[in-house]
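Right, one structure below, let's go through it.
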Amino acid sequence: MVATTDICDANPSLLKTGELRVLLPLFQSYGKRRAFHGPVVTVKVFEDNVLVRQFLEEEKAAHRGEVLVVDGGGSRWCALLGGNLAQLAQDNGWAGIVVNGCVRDVDEINECDIGVKALGPSPVKSQKKGEGEKHVTVHFAGAVINDGDWLWADSDGILVSPSQLGC
């Protein structure tokens, strides 16, 4: 995988125009994969992870190598991802998950071969109402993220672009 630092160094004009966006450094890393990248699938929810589960349960071929971006409104009250969902994500071929919200079952997530970035942990489980939106543009951590964008995440940060980039 190409490092986020190398992508930034090789694409200064895209940084200047905003075609390459850098998320604010608000996220903690979980899971065995410290670096991941892929096309983005978005979901917007608030303290309810039913739609998150629906995406992660889909067949392996449906989202192989993709990154699920969950805009949880920045809530730190409850977790939108736990150990069981992280295991589903690993088993179904997701590259990683970025959560603008919290996770729980941190020790279980850290045993999964998947990359997860989230604001932090919360022991409280989410509601199960099924409310939210799939495949929508989300805005958090100072960046706009569209369904279908490309995302790169590693120890240095998280980047988003409308197209796949290299160095």
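We label chains A, B, ... in the order they appear in the structure tokens, count residues from 1 in each chain, and number ligands from 1 in the order shown.
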
Could you pull the residues within 9 Å of Val98 in chain A, counting only C-alpha atoms, minus those fewer than 3 positions along the same chain, as an NGL selection string? :A and (27 or 67-71 or 101 or 115-118 or 153)

Using DSSP on the backbone, list every residue of chain A that comes out as strand (DSSP E or B), and give them as a ChimeraX atom specification. /A:21-22,28-30,36-44,48,67-71,79-81,96-103,115-121,125,127,133-134,138-140,143-145,150-154,157-161

Kindly indicate which residue among A:Gly18, A:Pro121, A:Gly93, A:Pro162 lies nearest to Trp150 in chain A, using only C-alpha atoms for the distances. A:Pro162

When DSSP works through the backbone of this structure, what residues of chain A end up as helix (DSSP H, G or I), shown as a VMD selection string? chain A and resid 4 to 10 12 to 17 50 to 57 60 to 62 83 to 91 106 to 109

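Considering only C-alpha atoms, the residue among A:Asp147, A:Asp156, A:Glu66, A:Glu131 positioned nearest to Asn49 in chain A is A:Glu131.
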
In Å, how far is it from CA of Gly142 in chain A to CA of Val22 in chain A?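 Computing it gives 7.8 Å between the two atoms.
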
Residues within 10 Å of range 8-13 of chain A, please, as a list in words. Count only C-alpha atoms; anything in the same chain fewer than 6 positions from it doesn't count.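 After dropping sequence-adjacent residues, the list is Glu19, Leu20, Arg21, Val22, Leu159, Leu165, Gly166 and Cys167 of chain A.
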
Taking only C-alpha atoms into account, name the residue in A:Tyr30, A:Pro123, A:Gly157, A:Ser75 that is nearest to Asn110 in chain A.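 Of A:Tyr30, A:Pro123, A:Gly157, A:Ser75, the one nearest Asn110 in chain A, counting only C-alpha atoms, is A:Tyr30.
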
Counting only C-alpha atoms, the option among A:Ile109, A:Ile158, A:Cys102, A:Val144 closest to Ala79 in chain A: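 Looking only at the distances to Ala79 in chain A, the closest residue turns out to be A:Cys102.
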
I want to know what sits within 9 Å of range 41-47 of chain A, based on only C-alpha atoms, with residues of the same chain fewer than 3 positions away left out; could you give that as an mmCIF file with N, CA, C and O atoms, in the first residue's frame?
data_model
loop_
_atom_site.group_PDB
_atom_site.id
_atom_site.type_symbol
_atom_site.label_atom_id
_atom_site.label_comp_id
_atom_site.auth_asym_id
_atom_site.auth_seq_id
_atom_site.Cartn_x
_atom_site.Cartn_y
_atom_site.Cartn_z
ATOM 1 N N VAL A 50 -27.974 -0.583 12.764
ATOM 2 C CA VAL A 50 -28.649 -1.567 11.925
ATOM 3 C C VAL A 50 -28.158 -1.492 10.475
ATOM 4 O O VAL A 50 -27.866 -2.522 9.853
ATOM 5 N N LEU A 51 -28.048 -0.296 9.915
ATOM 6 C CA LEU A 51 -27.580 -0.165 8.524
ATOM 7 C C LEU A 51 -26.113 -0.551 8.387
ATOM 8 O O LEU A 51 -25.703 -1.086 7.346
ATOM 9 N N VAL A 52 -25.317 -0.304 9.398
ATOM 10 C CA VAL A 52 -23.913 -0.737 9.399
ATOM 11 C C VAL A 52 -23.869 -2.255 9.283
ATOM 12 O O VAL A 52 -23.156 -2.812 8.446
ATOM 13 N N PHE A 55 -24.752 -3.605 5.727
ATOM 14 C CA PHE A 55 -23.632 -3.562 4.782
ATOM 15 C C PHE A 55 -22.638 -4.673 5.067
ATOM 16 O O PHE A 55 -22.201 -5.375 4.162
ATOM 17 N N HIS A 63 -18.479 -6.394 -1.537
ATOM 18 C CA HIS A 63 -17.695 -5.257 -1.042
ATOM 19 C C HIS A 63 -16.214 -5.589 -0.831
ATOM 20 O O HIS A 63 -15.549 -4.938 -0.044
ATOM 21 N N GLU A 66 -13.368 -2.880 -0.206
ATOM 22 C CA GLU A 66 -13.937 -1.545 -0.019
ATOM 23 C C GLU A 66 -13.777 -1.083 1.430
ATOM 24 O O GLU A 66 -13.481 -1.874 2.327
ATOM 25 N N VAL A 67 -13.979 0.215 1.621
ATOM 26 C CA VAL A 67 -13.898 0.827 2.945
ATOM 27 C C VAL A 67 -15.277 1.368 3.297
ATOM 28 O O VAL A 67 -15.834 2.185 2.556
ATOM 29 N N LEU A 68 -15.815 0.918 4.421
ATOM 30 C CA LEU A 68 -17.091 1.434 4.893
ATOM 31 C C LEU A 68 -16.829 2.684 5.717
ATOM 32 O O LEU A 68 -16.061 2.651 6.686
ATOM 33 N N VAL A 69 -17.433 3.787 5.317
ATOM 34 C CA VAL A 69 -17.322 5.047 6.051
ATOM 35 C C VAL A 69 -18.660 5.288 6.732
ATOM 36 O O VAL A 69 -19.688 5.433 6.071
ATOM 37 N N VAL A 70 -18.626 5.300 8.067
ATOM 38 C CA VAL A 70 -19.823 5.432 8.886
ATOM 39 C C VAL A 70 -19.820 6.809 9.544
ATOM 40 O O VAL A 70 -18.982 7.093 10.391
ATOM 41 N N ASP A 71 -20.749 7.658 9.113
ATOM 42 C CA ASP A 71 -20.898 8.950 9.777
ATOM 43 C C ASP A 71 -21.927 8.775 10.881
ATOM 44 O O ASP A 71 -23.130 8.756 10.626
ATOM 45 N N GLY A 72 -21.435 8.657 12.099
ATOM 46 C CA GLY A 72 -22.296 8.502 13.261
ATOM 47 C C GLY A 72 -22.552 9.803 13.975
ATOM 48 O O GLY A 72 -22.906 9.804 15.162
ATOM 49 N N GLY A 73 -22.340 10.911 13.268
ATOM 50 C CA GLY A 73 -22.603 12.220 13.850
ATOM 51 C C GLY A 73 -21.628 12.604 14.947
ATOM 52 O O GLY A 73 -21.863 13.567 15.675
ATOM 53 N N GLY A 74 -20.542 11.845 15.094
ATOM 54 C CA GLY A 74 -19.550 12.146 16.119
ATOM 55 C C GLY A 74 -19.984 11.783 17.529
ATOM 56 O O GLY A 74 -19.326 12.154 18.503
ATOM 57 N N SER A 75 -21.081 11.040 17.651
ATOM 58 C CA SER A 75 -21.571 10.673 18.980
ATOM 59 C C SER A 75 -20.568 9.778 19.699
ATOM 60 O O SER A 75 -20.045 8.828 19.128
ATOM 61 N N ARG A 76 -20.347 10.099 20.948
ATOM 62 C CA ARG A 76 -19.472 9.286 21.790
ATOM 63 C C ARG A 76 -20.279 8.536 22.849
ATOM 64 O O ARG A 76 -19.717 7.951 23.761
ATOM 65 N N TRP A 77 -21.612 8.565 22.730
ATOM 66 C CA TRP A 77 -22.465 7.907 23.716
ATOM 67 C C TRP A 77 -22.442 6.389 23.572
ATOM 68 O O TRP A 77 -22.338 5.658 24.542
ATOM 69 N N CYS A 78 -22.558 5.898 22.323
ATOM 70 C CA CYS A 78 -22.633 4.452 22.129
ATOM 71 C C CYS A 78 -21.759 4.030 20.955
ATOM 72 O O CYS A 78 -21.347 4.850 20.152
ATOM 73 N N ALA A 79 -21.516 2.729 20.885
ATOM 74 C CA ALA A 79 -20.666 2.168 19.833
ATOM 75 C C ALA A 79 -21.497 1.789 18.609
ATOM 76 O O ALA A 79 -22.590 1.240 18.736
ATOM 77 N N LEU A 80 -20.954 2.067 17.436
ATOM 78 C CA LEU A 80 -21.597 1.691 16.178
ATOM 79 C C LEU A 80 -20.976 0.432 15.575
ATOM 80 O O LEU A 80 -21.510 -0.131 14.622
ATOM 81 N N GLY A 101 -17.583 8.076 15.157
ATOM 82 C CA GLY A 101 -18.295 7.627 16.328
ATOM 83 C C GLY A 101 -17.418 6.640 17.068
ATOM 84 O O GLY A 101 -16.200 6.619 16.867
ATOM 85 N N LYS A 125 -24.016 -0.271 23.865
ATOM 86 C CA LYS A 125 -24.435 -0.712 22.532
ATOM 87 C C LYS A 125 -25.396 0.306 21.926
ATOM 88 O O LYS A 125 -26.048 1.070 22.631
ATOM 89 N N SER A 126 -25.492 0.275 20.612
ATOM 90 C CA SER A 126 -26.348 1.232 19.905
ATOM 91 C C SER A 126 -27.802 0.787 19.910
ATOM 92 O O SER A 126 -28.121 -0.352 20.242
ATOM 93 N N GLN A 127 -28.654 1.704 19.465
ATOM 94 C CA GLN A 127 -30.064 1.391 19.255
ATOM 95 C C GLN A 127 -30.200 0.504 18.023
ATOM 96 O O GLN A 127 -29.281 0.412 17.215
ATOM 97 N N LYS A 128 -31.347 -0.094 17.855
ATOM 98 C CA LYS A 128 -31.601 -0.985 16.720
ATOM 99 C C LYS A 128 -32.921 -0.606 16.049
ATOM 100 O O LYS A 128 -33.850 -1.375 15.966
ATOM 101 N N GLY A 130 -32.975 0.930 12.812
ATOM 102 C CA GLY A 130 -32.829 0.871 11.358
ATOM 103 C C GLY A 130 -32.930 2.216 10.672
ATOM 104 O O GLY A 130 -33.197 2.293 9.485
ATOM 105 N N GLU A 131 -32.674 3.281 11.418
ATOM 106 C CA GLU A 131 -32.762 4.627 10.844
ATOM 107 C C GLU A 131 -31.409 5.065 10.294
ATOM 108 O O GLU A 131 -30.374 4.733 10.843
ATOM 109 N N GLY A 132 -31.446 5.821 9.207
ATOM 110 C CA GLY A 132 -30.230 6.341 8.601
ATOM 111 C C GLY A 132 -30.333 6.340 7.090
ATOM 112 O O GLY A 132 -31.397 6.098 6.521
ATOM 113 N N GLU A 133 -29.187 6.604 6.444
ATOM 114 C CA GLU A 133 -29.145 6.691 4.981
ATOM 115 C C GLU A 133 -27.914 5.977 4.453
ATOM 116 O O GLU A 133 -26.828 6.100 5.022
ATOM 117 N N LYS A 134 -28.083 5.270 3.344
ATOM 118 C CA LYS A 134 -26.978 4.579 2.675
ATOM 119 C C LYS A 134 -26.569 5.339 1.420
ATOM 120 O O LYS A 134 -27.402 5.977 0.777
ATOM 121 N N HIS A 135 -25.287 5.233 1.063
ATOM 122 C CA HIS A 135 -24.757 5.794 -0.186
ATOM 123 C C HIS A 135 -25.007 7.290 -0.310
ATOM 124 O O HIS A 135 -25.443 7.776 -1.360
ATOM 125 N N VAL A 136 -24.734 8.040 0.757
ATOM 126 C CA VAL A 136 -24.926 9.487 0.750
ATOM 127 C C VAL A 136 -23.587 10.188 0.997
ATOM 128 O O VAL A 136 -22.654 9.604 1.539
ATOM 129 N N THR A 137 -23.520 11.449 0.599
ATOM 130 C CA THR A 137 -22.351 12.263 0.901
ATOM 131 C C THR A 137 -22.371 12.594 2.383
ATOM 132 O O THR A 137 -23.406 12.973 2.927
ATOM 133 N N VAL A 138 -21.209 12.434 3.034
ATOM 134 C CA VAL A 138 -21.093 12.753 4.456
ATOM 135 C C VAL A 138 -20.000 13.802 4.630
ATOM 136 O O VAL A 138 -19.117 13.962 3.778
ATOM 137 N N ILE A 145 -16.908 13.441 2.151
ATOM 138 C CA ILE A 145 -16.629 12.087 1.666
ATOM 139 C C ILE A 145 -17.856 11.613 0.901
ATOM 140 O O ILE A 145 -18.959 11.574 1.441
ATOM 141 N N ASN A 146 -17.631 11.255 -0.350
ATOM 142 C CA ASN A 146 -18.714 10.796 -1.220
ATOM 143 C C ASN A 146 -18.665 9.286 -1.384
ATOM 144 O O ASN A 146 -17.582 8.690 -1.424
ATOM 145 N N ASP A 147 -19.815 8.685 -1.511
ATOM 146 C CA ASP A 147 -19.892 7.275 -1.869
ATOM 147 C C ASP A 147 -19.155 7.108 -3.199
ATOM 148 O O ASP A 147 -19.392 7.868 -4.130
ATOM 149 N N GLY A 148 -18.234 6.170 -3.270
ATOM 150 C CA GLY A 148 -17.452 5.963 -4.498
ATOM 151 C C GLY A 148 -16.099 6.641 -4.501
ATOM 152 O O GLY A 148 -15.273 6.362 -5.378
ATOM 153 N N ASP A 149 -15.839 7.563 -3.569
ATOM 154 C CA ASP A 149 -14.490 8.139 -3.430
ATOM 155 C C ASP A 149 -13.503 7.028 -3.077
ATOM 156 O O ASP A 149 -13.891 5.912 -2.741
#

Point-to-point distance in Å for CA of Leu15 in chain A and CA of Gly31 in chain A: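 That distance, rounded to one decimal, is 28.4 Å.
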
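The environment of Glu111 in chain A within 9 Å, counting only C-alpha atoms and disregarding residues fewer than 5 places along the same chain, consists of A:Gly31, A:Lys32, A:Gly83, A:Gln87, A:Val106.
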
Could those residues be written to a file, using N, CA and C atoms, as a PDB file, in the first residue's frame?
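File produced: result36.pdb:
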ATOM      1  N   GLY A  31      -7.864  -2.930  15.205  1.00  0.00           N
ATOM      2  CA  GLY A  31      -7.717  -4.034  14.260  1.00  0.00           C
ATOM      3  C   GLY A  31      -6.257  -4.289  13.945  1.00  0.00           C
ATOM      4  N   LYS A  32      -6.005  -5.427  13.299  1.00  0.00           N
ATOM      5  CA  LYS A  32      -4.627  -5.817  12.975  1.00  0.00           C
ATOM      6  C   LYS A  32      -4.044  -5.037  11.796  1.00  0.00           C
ATOM      7  N   GLY A  83     -17.086  -6.165  18.187  1.00  0.00           N
ATOM      8  CA  GLY A  83     -16.304  -7.318  17.767  1.00  0.00           C
ATOM      9  C   GLY A  83     -16.996  -8.197  16.748  1.00  0.00           C
ATOM     10  N   GLN A  87     -15.675  -8.819  12.902  1.00  0.00           N
ATOM     11  CA  GLN A  87     -15.444 -10.173  12.376  1.00  0.00           C
ATOM     12  C   GLN A  87     -16.194 -10.378  11.062  1.00  0.00           C
ATOM     13  N   VAL A 106     -13.137  -3.708  22.018  1.00  0.00           N
ATOM     14  CA  VAL A 106     -11.858  -3.323  21.414  1.00  0.00           C
ATOM     15  C   VAL A 106     -10.895  -4.501  21.308  1.00  0.00           C
TER      16      VAL A 106
END

Here is a test: counting only C-alpha atoms, which residue of A:Leu56, A:Val160, A:Ile114, A:Leu119 is nearest to His139 in chain A? A:Val160

Using only C-alpha atoms, which of A:Ala86, A:Leu151, A:Val40, A:Ala143 sits nearest Pro25 in chain A?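 Ranked by minimum distance to Pro25 in chain A, first place goes to A:Ala143.
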